[in-house]
file final_28.txt (compact mmCIF, C-alpha atoms and all ligand atoms)
# COMPACT_ATOMS: atom_id res chain seq x y z
CA MET F 606 177.62 158.65 152.59
CA ARG F 607 174.03 159.74 152.95
CA PRO F 608 171.38 157.84 154.85
CA ARG F 609 168.63 156.15 152.89
CA ASP F 610 165.51 158.30 152.61
CA PHE F 611 162.99 156.10 154.36
CA THR F 612 160.10 158.48 153.85
CA ALA F 613 160.29 158.47 150.09
CA PRO F 614 160.99 155.16 148.35
CA ARG F 615 159.61 156.81 145.18
CA ALA F 616 162.50 159.28 145.07
CA SER F 617 164.78 156.88 143.23
CA SER F 618 164.19 154.52 140.35
CA ARG F 619 167.05 152.38 141.62
CA PRO F 620 166.22 150.79 144.95
CA GLY F 621 168.58 152.00 147.59
CA ALA F 622 170.46 154.32 145.28
CA ALA F 623 170.23 157.11 147.83
CA ALA F 624 172.11 155.03 150.34
CA GLY F 625 175.30 155.28 148.36
CA GLY F 626 175.92 151.56 148.28
CA SER F 627 175.25 150.60 151.88
CA SER F 628 173.48 151.69 155.00
CA ALA F 629 176.69 151.13 156.94
CA GLY F 630 178.16 154.29 158.42
CA VAL F 631 174.75 155.76 159.14
CA ARG F 632 174.16 156.34 162.80
CA GLY F 633 171.68 153.88 164.23
CA THR F 634 168.15 154.85 163.55
CA GLY F 635 165.29 152.42 163.88
CA PRO F 636 164.69 151.92 160.13
CA GLU F 637 168.40 151.52 159.41
CA LEU F 638 168.64 149.00 162.20
CA PHE F 639 165.68 147.10 160.73
CA CYS F 640 167.43 146.91 157.35
CA GLN F 641 170.72 145.88 158.92
CA LEU F 642 168.97 143.15 160.89
CA ALA F 643 167.28 141.92 157.72
CA ARG F 644 170.69 141.33 156.16
CA VAL F 645 171.94 139.58 159.30
CA VAL F 646 168.85 137.38 159.59
CA ALA F 647 169.02 136.38 155.92
CA ARG F 648 172.73 135.62 156.07
CA LEU F 649 172.68 133.67 159.34
CA ALA F 650 169.61 131.64 158.42
CA GLY F 651 171.12 130.75 155.06
CA ARG F 652 173.99 129.08 156.89
CA GLN F 653 172.55 127.33 159.88
CA GLY F 654 169.04 128.45 160.71
CA LEU F 655 168.44 130.84 163.58
CA ARG F 656 168.19 128.52 166.54
CA SER F 657 171.66 128.12 167.96
CA PHE F 658 174.22 130.86 168.31
CA THR F 659 177.08 130.99 170.71
CA LEU F 660 179.89 133.45 171.18
CA PRO F 661 181.79 134.66 169.26
CA TYR F 662 179.05 135.84 166.93
CA PRO F 663 179.67 136.43 163.23
CA LEU F 664 180.98 139.95 162.70
CA ALA F 665 177.89 141.27 160.88
CA ALA F 666 175.68 139.95 163.67
CA GLN F 667 177.91 141.47 166.35
CA LEU F 668 177.77 144.86 164.61
CA ALA F 669 173.98 144.67 164.41
CA LEU F 670 173.80 143.74 168.08
CA ASP F 671 176.06 146.67 168.97
CA ARG F 672 173.90 149.05 166.99
CA ALA F 673 170.72 147.67 168.57
CA VAL F 674 172.18 148.17 172.04
CA LEU F 675 173.20 151.75 171.22
CA HIS F 676 169.83 152.54 169.67
CA CYS F 677 167.96 151.17 172.67
CA LEU F 678 170.05 153.26 175.03
CA GLU F 679 169.36 156.34 172.90
CA ILE F 680 165.60 155.85 173.02
CA GLY F 681 165.48 154.73 176.66
CA GLN F 682 164.68 151.05 176.13
CA ALA F 683 166.33 148.05 177.76
CA PRO F 684 168.83 146.69 175.22
CA PRO F 685 169.05 143.06 174.06
CA ARG F 686 171.52 140.98 176.11
CA SER F 687 172.53 138.60 173.37
CA LEU F 688 172.17 137.79 169.70
CA PRO F 689 169.53 135.10 170.38
CA GLU F 690 167.49 137.69 172.28
CA LEU F 691 167.84 140.18 169.43
CA LEU F 692 166.73 137.51 166.94
CA GLU F 693 163.77 136.77 169.19
CA TRP F 694 162.90 140.46 169.00
CA CYS F 695 162.94 140.14 165.21
CA ARG F 696 160.30 137.45 165.57
CA HIS F 697 157.91 139.50 167.68
CA ARG F 698 158.74 143.16 167.14
CA SER F 699 157.46 144.30 163.78
CA ALA F 700 158.47 147.08 161.40
CA GLY F 701 156.02 149.47 163.05
CA ASP F 702 157.33 148.77 166.59
CA PRO F 703 158.62 151.88 168.41
CA LEU F 704 162.08 150.28 168.30
CA PHE F 705 162.17 150.36 164.49
CA GLN F 706 159.52 152.86 163.36
CA VAL F 707 159.88 151.88 159.71
CA PRO F 708 157.51 154.10 157.70
CA ARG F 709 154.43 152.29 156.45
CA SER F 710 155.22 153.80 153.04
CA LEU F 711 158.11 151.30 152.90
CA ILE F 712 157.06 148.24 154.92
CA THR F 713 153.67 147.21 156.25
CA PRO F 714 153.74 147.89 160.01
CA GLU F 715 152.90 144.34 161.13
CA ALA F 716 155.71 142.69 159.15
CA THR F 717 158.50 140.97 161.07
CA LEU F 718 161.91 139.78 159.88
CA VAL F 719 161.71 136.33 161.47
CA HIS F 720 158.62 134.17 161.06
CA ARG F 721 156.81 133.50 164.32
CA VAL F 722 156.36 129.77 163.63
CA GLY F 723 159.06 129.01 161.08
CA LEU F 724 161.83 130.83 163.02
CA LEU F 725 163.31 131.62 159.63
CA PRO F 726 163.52 134.80 157.56
CA THR F 727 160.16 136.07 156.39
CA ARG F 728 159.47 136.97 152.81
CA THR F 729 159.51 140.60 153.93
CA CYS F 730 163.06 140.04 155.18
CA LEU F 731 164.24 138.60 151.85
CA GLU F 732 162.47 141.31 149.85
CA LEU F 733 164.08 143.95 152.04
CA THR F 734 167.57 142.55 151.52
CA SER F 735 166.87 142.63 147.80
CA TRP F 736 166.10 146.35 148.12
CA ASP F 737 169.76 146.87 149.03
CA PRO F 738 171.98 148.44 146.38
CA GLY F 739 173.69 145.08 145.88
CA GLY F 740 170.33 143.52 145.06
CA GLY F 741 170.50 140.86 147.79
CA GLU F 742 168.90 137.51 147.20
CA GLU F 743 166.94 138.59 144.14
CA GLU F 744 170.09 139.72 142.37
CA GLU F 745 171.70 136.44 143.34
CA ALA F 746 168.78 134.58 141.74
CA ARG F 747 169.26 136.64 138.62
CA ARG F 748 172.99 135.86 138.52
CA MET F 749 172.28 132.16 138.92
CA LEU F 750 169.86 132.25 135.99
CA ASP F 751 172.29 134.26 133.85
CA ASP F 752 174.98 131.66 134.52
CA LEU F 753 172.50 128.92 133.71
CA ALA F 754 171.66 130.60 130.39
CA THR F 755 175.38 130.64 129.57
CA ARG F 756 175.72 126.95 130.44
CA CYS F 757 172.70 126.10 128.29
CA GLY F 758 173.90 127.95 125.23
CA HIS F 759 170.54 128.10 123.51
CA GLU F 760 167.14 129.43 124.41
CA GLU F 761 165.05 126.27 124.32
CA LEU F 762 167.31 124.34 126.71
CA TYR F 763 167.43 127.33 129.06
CA ARG F 764 163.64 127.55 129.02
CA ARG F 765 163.36 123.86 129.96
CA CYS F 766 165.96 124.22 132.73
CA ARG F 767 164.22 127.29 134.15
CA GLN F 768 160.90 125.49 134.10
CA PHE F 769 162.43 122.48 135.83
CA LEU F 770 163.84 124.66 138.61
CA ALA F 771 160.55 126.47 139.13
CA HIS F 772 158.66 123.18 139.48
CA HIS F 773 161.22 121.23 141.52
CA PRO F 774 162.22 123.28 144.56
CA VAL F 775 162.55 120.01 146.48
CA MET F 776 164.24 117.14 144.63
CA ARG F 777 163.60 113.65 146.00
CA GLN F 778 165.11 110.45 144.71
CA GLU F 779 161.82 109.47 143.06
CA ASP F 780 161.78 112.76 141.14
CA ARG F 781 164.66 111.47 139.03
CA ASP F 782 162.19 109.85 136.73
CA PRO F 783 161.66 110.80 133.08
CA ARG F 784 157.90 110.45 133.65
CA ARG F 785 158.17 113.35 136.13
CA GLY F 786 159.99 115.57 133.69
CA TRP F 787 163.53 114.64 134.74
CA ARG F 788 166.01 114.80 131.86
CA PRO F 789 169.79 114.16 132.16
CA ALA F 790 170.56 117.09 129.83
CA VAL F 791 168.60 119.42 132.10
CA TRP F 792 169.83 117.94 135.37
CA SER F 793 173.50 118.20 134.40
CA ARG F 794 173.03 121.96 133.98
CA VAL F 795 170.91 122.67 137.05
CA LYS F 796 172.26 120.31 139.73
CA SER F 797 174.77 122.87 141.00
CA LEU F 798 171.79 125.04 141.97
CA TYR F 799 170.71 122.50 144.57
CA GLU F 800 172.11 121.79 148.02
CA PRO F 801 171.49 119.16 150.71
CA LEU F 802 168.41 119.75 152.83
CA PRO F 803 169.64 121.67 155.90
CA GLU F 804 169.21 120.20 159.36
CA TYR F 805 166.94 123.02 160.52
CA LEU F 806 164.32 121.91 157.98
CA LYS F 807 164.16 118.37 159.36
CA VAL F 808 161.83 117.11 162.08
CA ASP F 809 162.33 113.70 163.67
CA GLY F 810 164.20 112.38 160.65
CA LEU F 811 161.58 113.65 158.22
CA ALA F 812 160.89 116.80 156.27
CA LEU F 813 157.62 118.48 155.34
CA GLN F 814 156.54 120.08 152.11
CA CYS F 815 153.62 122.41 151.50
CA PRO F 816 151.33 121.04 148.76
CA ALA F 817 150.34 124.54 147.64
CA CYS F 818 153.71 126.23 147.09
CA ASP F 819 155.83 123.01 147.03
CA LEU F 820 158.28 124.66 149.42
CA PRO F 821 159.57 123.43 152.79
CA ALA F 822 157.21 123.51 155.75
CA LEU F 823 157.54 123.12 159.52
CA PRO F 824 155.18 122.66 162.47
CA SER F 825 155.61 124.90 165.51
CA SER F 826 156.01 121.76 167.67
CA ARG F 827 159.00 120.58 165.56
CA LYS F 828 157.60 117.07 165.93
CA ALA F 829 156.83 114.86 162.96
CA PRO F 830 153.13 114.07 162.55
CA ALA F 831 151.61 110.81 161.31
CA PRO F 832 150.92 110.83 157.57
CA GLY F 833 147.95 113.02 156.70
CA GLN F 834 147.59 114.29 160.26
CA LEU F 835 149.21 117.65 159.93
CA LEU F 836 147.18 120.33 158.23
CA SER F 837 148.52 123.74 157.31
CA GLY F 838 147.28 126.45 159.65
CA PRO F 839 148.33 129.07 162.16
CA ASP F 840 150.70 126.63 163.89
CA THR F 841 152.56 125.65 160.75
CA TRP F 842 154.95 127.53 158.51
CA CYS F 843 155.71 127.13 154.85
CA GLU F 844 158.11 129.24 152.87
CA GLY F 845 155.25 130.62 150.76
CA GLU F 846 153.73 132.03 153.99
CA HIS F 847 150.34 132.78 152.47
CA CYS F 848 149.13 129.35 151.41
CA PRO F 849 145.60 128.23 152.30
CA HIS F 850 144.97 126.65 155.69
CA GLY F 851 143.64 123.11 156.05
CA LEU F 852 145.90 121.44 153.48
CA PRO F 853 147.65 118.18 154.50
CA LEU F 854 151.40 118.83 154.55
CA GLU F 855 153.38 116.19 152.65
CA LEU F 856 155.88 114.03 154.50
CA VAL F 857 159.27 113.78 152.83
CA ARG F 858 161.04 110.60 153.88
CA ALA F 859 164.79 110.02 153.80
CA PRO F 860 165.52 113.76 153.83
CA GLU F 861 169.25 113.02 153.72
CA GLN F 862 168.68 112.05 150.09
CA VAL F 863 166.72 115.20 149.33
CA LEU F 864 168.18 118.18 147.52
CA LEU F 865 166.80 121.66 147.97
CA LEU F 866 166.86 124.43 145.39
CA ARG F 867 168.93 127.31 146.70
CA ARG F 868 166.92 129.91 148.56
CA PRO F 869 167.18 132.88 146.14
CA LEU F 870 165.64 130.74 143.41
CA ARG F 871 162.97 129.37 145.73
CA ALA F 872 161.98 132.89 146.69
CA PHE F 873 162.21 134.62 143.33
CA LEU F 874 161.62 131.85 140.77
CA THR F 875 159.50 129.14 142.41
CA LEU F 876 157.18 131.40 144.38
CA PRO F 877 155.96 133.49 141.40
CA ARG F 878 155.53 130.45 139.14
CA ALA F 879 151.80 130.06 139.85
CA VAL F 880 150.94 133.66 139.04
CA GLU F 881 153.27 133.60 136.04
CA ALA F 882 151.64 130.44 134.68
CA ALA F 883 148.15 131.89 135.22
CA ALA F 884 149.10 135.16 133.48
CA LEU F 885 150.60 133.37 130.47
CA ASP F 886 147.58 131.04 130.25
CA ALA F 887 145.32 134.10 130.16
CA LEU F 888 147.38 135.59 127.32
CA ARG F 889 147.28 132.34 125.34
CA GLU F 890 143.54 132.04 125.80
CA ALA F 891 143.13 135.55 124.45
CA GLU F 892 145.44 134.63 121.54
CA MET F 893 147.99 137.22 122.55
CA ASP F 894 151.52 136.33 121.43
CA PHE F 895 154.45 137.10 123.71
CA GLU F 896 158.18 136.55 124.05
CA PRO F 897 160.37 136.60 127.16
CA LEU F 898 162.50 139.67 127.81
CA PRO F 899 166.18 138.88 128.39
CA GLY F 900 167.35 139.19 131.96
CA GLY F 901 163.89 139.34 133.47
CA LEU F 902 162.76 136.90 136.15
CA GLY F 903 159.22 137.02 134.74
CA ALA F 904 159.07 139.64 132.00
CA TYR F 905 157.43 139.32 128.59
CA ARG F 906 156.77 141.57 125.61
CA LEU F 907 153.54 141.27 123.66
CA THR F 908 154.37 140.73 120.02
CA ASN F 909 150.97 141.11 118.35
CA SER F 910 149.79 144.18 120.21
CA HIS F 911 149.29 147.51 118.47
CA GLU F 912 151.31 149.21 121.18
CA ASN F 913 154.57 148.47 122.97
CA CYS F 914 153.37 146.56 125.97
CA VAL F 915 155.31 144.62 128.57
CA ILE F 916 154.02 142.16 131.16
CA ARG F 917 156.01 141.79 134.39
CA VAL F 918 155.03 139.12 136.88
CA TYR F 919 155.91 139.24 140.57
CA ASP F 920 154.81 137.62 143.81
CA ARG F 921 155.85 140.04 146.55
CA VAL F 922 154.33 140.69 149.94
CA GLN F 923 155.59 144.28 150.24
CA PRO F 924 154.01 146.61 147.67
CA ALA F 925 156.43 149.53 148.11
CA LEU F 926 159.45 147.26 147.71
CA LEU F 927 157.79 145.77 144.65
CA ALA F 928 157.39 149.30 143.24
CA ALA F 929 161.08 149.98 143.80
CA ARG F 930 162.12 146.72 142.18
CA TYR F 931 159.81 147.24 139.23
CA ALA F 932 161.05 150.82 138.79
CA SER F 933 164.65 149.64 138.68
CA GLU F 934 163.81 147.09 135.99
CA ALA F 935 161.47 149.25 133.91
CA ALA F 936 163.69 152.33 133.56
CA PRO F 937 164.49 153.77 131.07
CA SER F 938 161.89 152.01 128.89
CA THR F 939 158.77 153.94 127.94
CA ASP F 940 156.61 150.87 127.34
CA ARG F 941 153.19 150.57 128.87
CA THR F 942 153.58 147.89 131.52
CA LEU F 943 151.12 145.59 133.18
CA VAL F 944 152.51 144.42 136.51
CA VAL F 945 150.80 141.15 137.42
CA GLY F 946 150.59 139.89 141.00
CA PRO F 947 148.62 137.17 142.80
CA GLU F 948 144.91 137.77 143.42
CA ARG F 949 145.42 137.54 147.21
CA LEU F 950 147.78 140.52 147.08
CA ALA F 951 147.34 142.61 143.94
CA GLY F 952 143.58 142.09 144.13
CA PHE F 953 143.36 144.25 147.26
CA PRO F 954 142.88 148.02 147.04
CA GLY F 955 145.29 148.73 149.92
CA TYR F 956 148.08 146.82 148.23
CA ARG F 957 147.39 148.51 144.89
CA SER F 958 147.35 152.01 146.35
CA ALA F 959 150.58 151.38 148.30
CA PHE F 960 152.23 150.14 145.10
CA ILE F 961 151.05 153.05 142.95
CA SER F 962 151.94 155.71 145.52
CA ALA F 963 155.49 154.30 145.80
CA LEU F 964 156.10 154.50 142.04
CA PRO F 965 158.30 157.26 140.67
CA ASP F 966 156.35 159.84 138.67
CA PHE F 967 157.77 158.76 135.32
CA LEU F 968 156.16 155.33 135.72
CA SER F 969 152.84 156.06 137.39
CA ASP F 970 150.94 156.99 134.21
CA ARG F 971 152.05 153.99 132.19
CA THR F 972 151.84 151.25 134.80
CA VAL F 973 148.85 149.12 135.74
CA LEU F 974 148.93 146.69 138.64
CA THR F 975 146.63 143.79 137.89
CA THR F 976 145.98 140.10 138.46
CA PRO F 977 145.95 137.15 136.03
CA SER F 978 142.15 137.12 135.85
CA ALA F 979 141.93 140.84 134.99
CA LEU F 980 145.01 140.99 132.76
CA VAL F 981 143.28 140.59 129.40
CA ASN F 982 140.63 143.15 130.27
CA HIS F 983 143.37 145.72 130.76
CA LEU F 984 144.82 144.81 127.39
CA SER F 985 141.41 145.27 125.76
CA ASP F 986 141.16 148.71 127.39
CA SER F 987 144.33 149.94 125.73
ZN ZN U 1001 152.98 126.92 151.05

call {"tool": "encode", "arguments": {"input": "final_28.txt", "output": "structure tokens"}}
result
Amino acid sequence: MRPRDFTAPRASSRPGAAAGGSSAGVRGTGPELFCQLARVVARLAGRQGLRSFTLPYPLAAQLALDRAVLHCLEIGQAPPRSLPELLEWCRHRSAGDPLFQVPRSLITPEATLVHRVGLLPTRTCLELTSWDPGGGEEEEARRMLDDLATRCGHEELYRRCRQFLAHHPVMRQEDRDPRRGWRPAVWSRVKSLYEPLPEYLKVDGLALQCPACDLPALPSSRKAPAPGQLLSGPDTWCEGEHCPHGLPLELVRAPEQVLLLRRPLRAFLTLPRAVEAAALDALREAEMDFEPLPGGLGAYRLTNSHENCVIRVYDRVQPALLAARYASEAAPSTDRTLVVGPERLAGFPGYRSAFISALPDFLSDRTVLTTPSALVNHLSDS
């Protein structure tokens, strides 16, 4: 089993293919340890949050701790004394830390696996687990949607169910109202994709929701504020991570009656919904017809274009991991593809250049990374 080539994510069109199915068995290097910890953090937080761990630790966590200890001894650093301490490291020691030394061609150096305020997996962490050969949380989201499509049986019902999921990551009692888009035929097919709100997302018998991304939020104090008194900012966390500051977080009462969309769908269906909606609105305004591509989380083919052209919509914080994911989905097609991302990410030259330089050669001359506002201009250029 060969180690993953951390210096060249562009070497493979299939993310992680070089790792031969797993990074296990590779002697502990910093980047491998970072990836292993990402899997541990994602798995542990999915079960119970990251706040309370006592011996015996789950096996995967114990193995990661053992590797971290060994790696620290090899590089002359004091090792972590416990799993909580190692998880605390994941909150403060970033990908570029001497402990990990993950190449910036793969992960931005300041990215951590655990959010400093939220104490939960970062988006980088979830994107990294999805880079694994098994596909991680993103592949799980895809499987959930495939199963949903089977349960629906026909395209229009599936489209309505998918739309419902994207717009209802948090389901309160009052959301079960036809005036809010709730339909029994939809609910009966999607309810298995929800779970009770976990304890680690509650504060003083309440929960918080970000008004920008609609996803769960938490204050660093873990104390419930009075209504309207908690604004998003550096001392709050929401699952979207990059929402504007200064927004009043919404109080969710009776959280024991609240259902939460499962995390893979929150991360890979709800989060990109804003950029997907903006991209499709831009196409409609320009009178461009399109149809969804089967199996894609946000992929469309233009149907009245003079060339074969595909639109793929993503909201990812890590441009090199986005390139790897896109490459795995685009191959072996030869279509020209416009990859659409949010303005706050894809609108920045550094993000664009990191994405393009991580693409495999066979894709670089037929791929454009753009934003919803510039999408139609690129189509006019073709
Ligand atoms: Zn948010």

call {"tool": "residues_near_point", "arguments": {"input": "final_28.txt", "point": "(160.8, 146.1, 158.6)", "cutoff": "7 Å", "atoms": "only C-alpha atoms", "output": "JSON, numbers by chain"}}
result
{"F": [639, 640, 699, 700, 707, 712, 716, 717, 718]}

call {"tool": "atom_distance", "arguments": {"input": "final_28.txt", "atom1": "CA of Glu948 in chain F", "atom2": "CA of Leu711 in chain F"}}
result
21.1 Å

call {"tool": "residues_around", "arguments": {"input": "final_28.txt", "residues": "Ser837 in chain F", "least_positions_apart": "6", "cutoff": "9 Å", "atoms": "only C-alpha atoms", "output": "list in words"}}
result
Cys815, Ala822, Pro824, Cys843, Cys848, Pro849, His850, Gly851, Leu852, Pro853 and Leu854 of chain F

call {"tool": "write_last_selection", "arguments": {"input": "final_28.txt", "atoms": "C-alpha atoms", "output": "PDB file, in the frame of the given file"}}
result
ATOM      1  CA  CYS F 815     153.620 122.410 151.500  1.00  0.00           C
ATOM      2  CA  ALA F 822     157.210 123.510 155.750  1.00  0.00           C
ATOM      3  CA  PRO F 824     155.180 122.660 162.470  1.00  0.00           C
ATOM      4  CA  CYS F 843     155.710 127.130 154.850  1.00  0.00           C
ATOM      5  CA  CYS F 848     149.130 129.350 151.410  1.00  0.00           C
ATOM      6  CA  PRO F 849     145.600 128.230 152.300  1.00  0.00           C
ATOM      7  CA  HIS F 850     144.970 126.650 155.690  1.00  0.00           C
ATOM      8  CA  GLY F 851     143.640 123.110 156.050  1.00  0.00           C
ATOM      9  CA  LEU F 852     145.900 121.440 153.480  1.00  0.00           C
ATOM     10  CA  PRO F 853     147.650 118.180 154.500  1.00  0.00           C
ATOM     11  CA  LEU F 854     151.400 118.830 154.550  1.00  0.00           C
TER      12      LEU F 854
END

call {"tool": "residues_around", "arguments": {"input": "final_28.txt", "residues": "Gly786 in chain F", "least_positions_apart": "2", "cutoff": "12 Å", "atoms": "only C-alpha atoms", "output": "list in words"}}
result
Arg765, Cys766, Gln768, Phe769, Leu770, His772, His773, Met776, Glu779, Asp780, Arg781, Asp782, Pro783, Arg784, Arg788, Pro789, Ala790, Val791 and Trp792 of chain F

call {"tool": "write_last_selection", "arguments": {"input": "final_28.txt", "atoms": "C-alpha atoms", "output": "mmCIF file, in the coordinates of the input"}}
result
data_model
loop_
_atom_site.group_PDB
_atom_site.id
_atom_site.type_symbol
_atom_site.label_atom_id
_atom_site.label_comp_id
_atom_site.auth_asym_id
_atom_site.auth_seq_id
_atom_site.Cartn_x
_atom_site.Cartn_y
_atom_site.Cartn_z
ATOM 1 C CA ARG F 765 163.360 123.860 129.960
ATOM 2 C CA CYS F 766 165.960 124.220 132.730
ATOM 3 C CA GLN F 768 160.900 125.490 134.100
ATOM 4 C CA PHE F 769 162.430 122.480 135.830
ATOM 5 C CA LEU F 770 163.840 124.660 138.610
ATOM 6 C CA HIS F 772 158.660 123.180 139.480
ATOM 7 C CA HIS F 773 161.220 121.230 141.520
ATOM 8 C CA MET F 776 164.240 117.140 144.630
ATOM 9 C CA GLU F 779 161.820 109.470 143.060
ATOM 10 C CA ASP F 780 161.780 112.760 141.140
ATOM 11 C CA ARG F 781 164.660 111.470 139.030
ATOM 12 C CA ASP F 782 162.190 109.850 136.730
ATOM 13 C CA PRO F 783 161.660 110.800 133.080
ATOM 14 C CA ARG F 784 157.900 110.450 133.650
ATOM 15 C CA ARG F 788 166.010 114.800 131.860
ATOM 16 C CA PRO F 789 169.790 114.160 132.160
ATOM 17 C CA ALA F 790 170.560 117.090 129.830
ATOM 18 C CA VAL F 791 168.600 119.420 132.100
ATOM 19 C CA TRP F 792 169.830 117.940 135.370
#

call {"tool": "residues_near_point", "arguments": {"input": "final_28.txt", "point": "(153.4, 149.3, 158.5)", "cutoff": "12 Å", "atoms": "all atoms listed in the file", "output": "PyMOL selection string"}}
result
chain F and resi 636+698-703+705-717+729+923-925+955-956+959

call {"tool": "atom_distance", "arguments": {"input": "final_28.txt", "atom1": "CA of Arg748 in chain F", "atom2": "CA of Leu725 in chain F"}}
result
23.6 Å

call {"tool": "residues_near_ligand", "arguments": {"input": "final_28.txt", "ligand": "ligand ZN 1001 (chain U)", "cutoff": "7 Å", "atoms": "all atoms listed in the file", "output": "list in words"}}
result
Cys815, Pro816, Ala817, Cys818, Asp819, Leu820, Cys843, Glu844, Gly845, Glu846, His847 and Cys848 of chain F

call {"tool": "closest_residue", "arguments": {"input": "final_28.txt", "among": "F:Arg672, F:Arg867, F:Arg917, F:Arg949", "to": "Ala904 in chain F", "atoms": "only C-alpha atoms"}}
result
F:Arg917

call {"tool": "closest_residue", "arguments": {"input": "final_28.txt", "among": "F:Leu866, F:Leu811, F:Ala643, F:Gly838", "to": "Ser797 in chain F", "atoms": "all atoms listed in the file"}}
result
F:Leu866

call {"tool": "atom_distance", "arguments": {"input": "final_28.txt", "atom1": "CA of Ala650 in chain F", "atom2": "CA of Ala951 in chain F"}}
result
28.7 Å

call {"tool": "residues_around", "arguments": {"input": "final_28.txt", "residues": "range 970-977 of chain F", "least_positions_apart": "2", "cutoff": "10 Å", "atoms": "all atoms listed in the file", "output": "number ranges by chain"}}
result
F: 879-888, 914-918, 928, 931, 935, 939-953, 956-958, 960-961, 964-968, 979-983

call {"tool": "write_last_selection", "arguments": {"input": "final_28.txt", "atoms": "C-alpha atoms", "output": "compact mmCIF listing (two decimals), keeping the file's coordinate frame"}}
result
# COMPACT_ATOMS: atom_id res chain seq x y z
CA ALA F 879 151.80 130.06 139.85
CA VAL F 880 150.94 133.66 139.04
CA GLU F 881 153.27 133.60 136.04
CA ALA F 882 151.64 130.44 134.68
CA ALA F 883 148.15 131.89 135.22
CA ALA F 884 149.10 135.16 133.48
CA LEU F 885 150.60 133.37 130.47
CA ASP F 886 147.58 131.04 130.25
CA ALA F 887 145.32 134.10 130.16
CA LEU F 888 147.38 135.59 127.32
CA CYS F 914 153.37 146.56 125.97
CA VAL F 915 155.31 144.62 128.57
CA ILE F 916 154.02 142.16 131.16
CA ARG F 917 156.01 141.79 134.39
CA VAL F 918 155.03 139.12 136.88
CA ALA F 928 157.39 149.30 143.24
CA TYR F 931 159.81 147.24 139.23
CA ALA F 935 161.47 149.25 133.91
CA THR F 939 158.77 153.94 127.94
CA ASP F 940 156.61 150.87 127.34
CA ARG F 941 153.19 150.57 128.87
CA THR F 942 153.58 147.89 131.52
CA LEU F 943 151.12 145.59 133.18
CA VAL F 944 152.51 144.42 136.51
CA VAL F 945 150.80 141.15 137.42
CA GLY F 946 150.59 139.89 141.00
CA PRO F 947 148.62 137.17 142.80
CA GLU F 948 144.91 137.77 143.42
CA ARG F 949 145.42 137.54 147.21
CA LEU F 950 147.78 140.52 147.08
CA ALA F 951 147.34 142.61 143.94
CA GLY F 952 143.58 142.09 144.13
CA PHE F 953 143.36 144.25 147.26
CA TYR F 956 148.08 146.82 148.23
CA ARG F 957 147.39 148.51 144.89
CA SER F 958 147.35 152.01 146.35
CA PHE F 960 152.23 150.14 145.10
CA ILE F 961 151.05 153.05 142.95
CA LEU F 964 156.10 154.50 142.04
CA PRO F 965 158.30 157.26 140.67
CA ASP F 966 156.35 159.84 138.67
CA PHE F 967 157.77 158.76 135.32
CA LEU F 968 156.16 155.33 135.72
CA ALA F 979 141.93 140.84 134.99
CA LEU F 980 145.01 140.99 132.76
CA VAL F 981 143.28 140.59 129.40
CA ASN F 982 140.63 143.15 130.27
CA HIS F 983 143.37 145.72 130.76

call {"tool": "closest_residue", "arguments": {"input": "final_28.txt", "among": "F:Leu724, F:Arg794, F:Leu704, F:Tyr662", "to": "Gln682 in chain F", "atoms": "only C-alpha atoms"}}
result
F:Leu704

call {"tool": "closest_residue", "arguments": {"input": "final_28.txt", "among": "F:Glu861, F:Glu693, F:Asp809, F:Glu892", "to": "Asn909 in chain F", "atoms": "all atoms listed in the file"}}
result
F:Glu892

call {"tool": "closest_residue", "arguments": {"input": "final_28.txt", "among": "F:Tyr763, F:Phe873, F:Trp842, F:Tyr905", "to": "Ser825 in chain F", "atoms": "only C-alpha atoms"}}
result
F:Trp842

call {"tool": "residues_around", "arguments": {"input": "final_28.txt", "residues": "Ser985 in chain F", "least_positions_apart": "6", "cutoff": "12 Å", "atoms": "only C-alpha atoms", "output": "list in words"}}
result
Leu888, Ala891, Met893, Ser910, His911, Glu912 and Ala979 of chain F

call {"tool": "closest_residue", "arguments": {"input": "final_28.txt", "among": "F:Thr734, F:Ser978, F:Ser687, F:Thr634", "to": "Arg648 in chain F", "atoms": "all atoms listed in the file"}}
result
F:Thr734

call {"tool": "decode", "arguments": {"input": "final_28.txt", "residues": "range 955-961 of chain F", "atoms": "N, CA and C atoms", "output": "short mmCIF file (atom, residue, chain, number, x, y, z; two decimals), in the first residue's frame"}}
result
data_model
loop_
_atom_site.label_atom_id
_atom_site.label_comp_id
_atom_site.auth_asym_id
_atom_site.auth_seq_id
_atom_site.Cartn_x
_atom_site.Cartn_y
_atom_site.Cartn_z
N GLY F 955 -6.60 34.15 -5.30
CA GLY F 955 -5.83 33.09 -4.65
C GLY F 955 -6.56 31.76 -4.66
N TYR F 956 -7.85 31.82 -4.43
CA TYR F 956 -8.67 30.60 -4.45
C TYR F 956 -8.70 30.03 -5.86
N ARG F 957 -8.90 30.94 -6.84
CA ARG F 957 -8.98 30.46 -8.23
C ARG F 957 -7.67 29.81 -8.67
N SER F 958 -6.55 30.46 -8.34
CA SER F 958 -5.27 29.90 -8.80
C SER F 958 -4.98 28.58 -8.10
N ALA F 959 -5.35 28.46 -6.82
CA ALA F 959 -5.13 27.18 -6.12
C ALA F 959 -5.98 26.08 -6.75
N PHE F 960 -7.20 26.42 -7.14
CA PHE F 960 -8.09 25.44 -7.77
C PHE F 960 -7.51 25.00 -9.12
N ILE F 961 -7.16 25.98 -9.95
CA ILE F 961 -6.68 25.65 -11.30
C ILE F 961 -5.38 24.85 -11.23
#
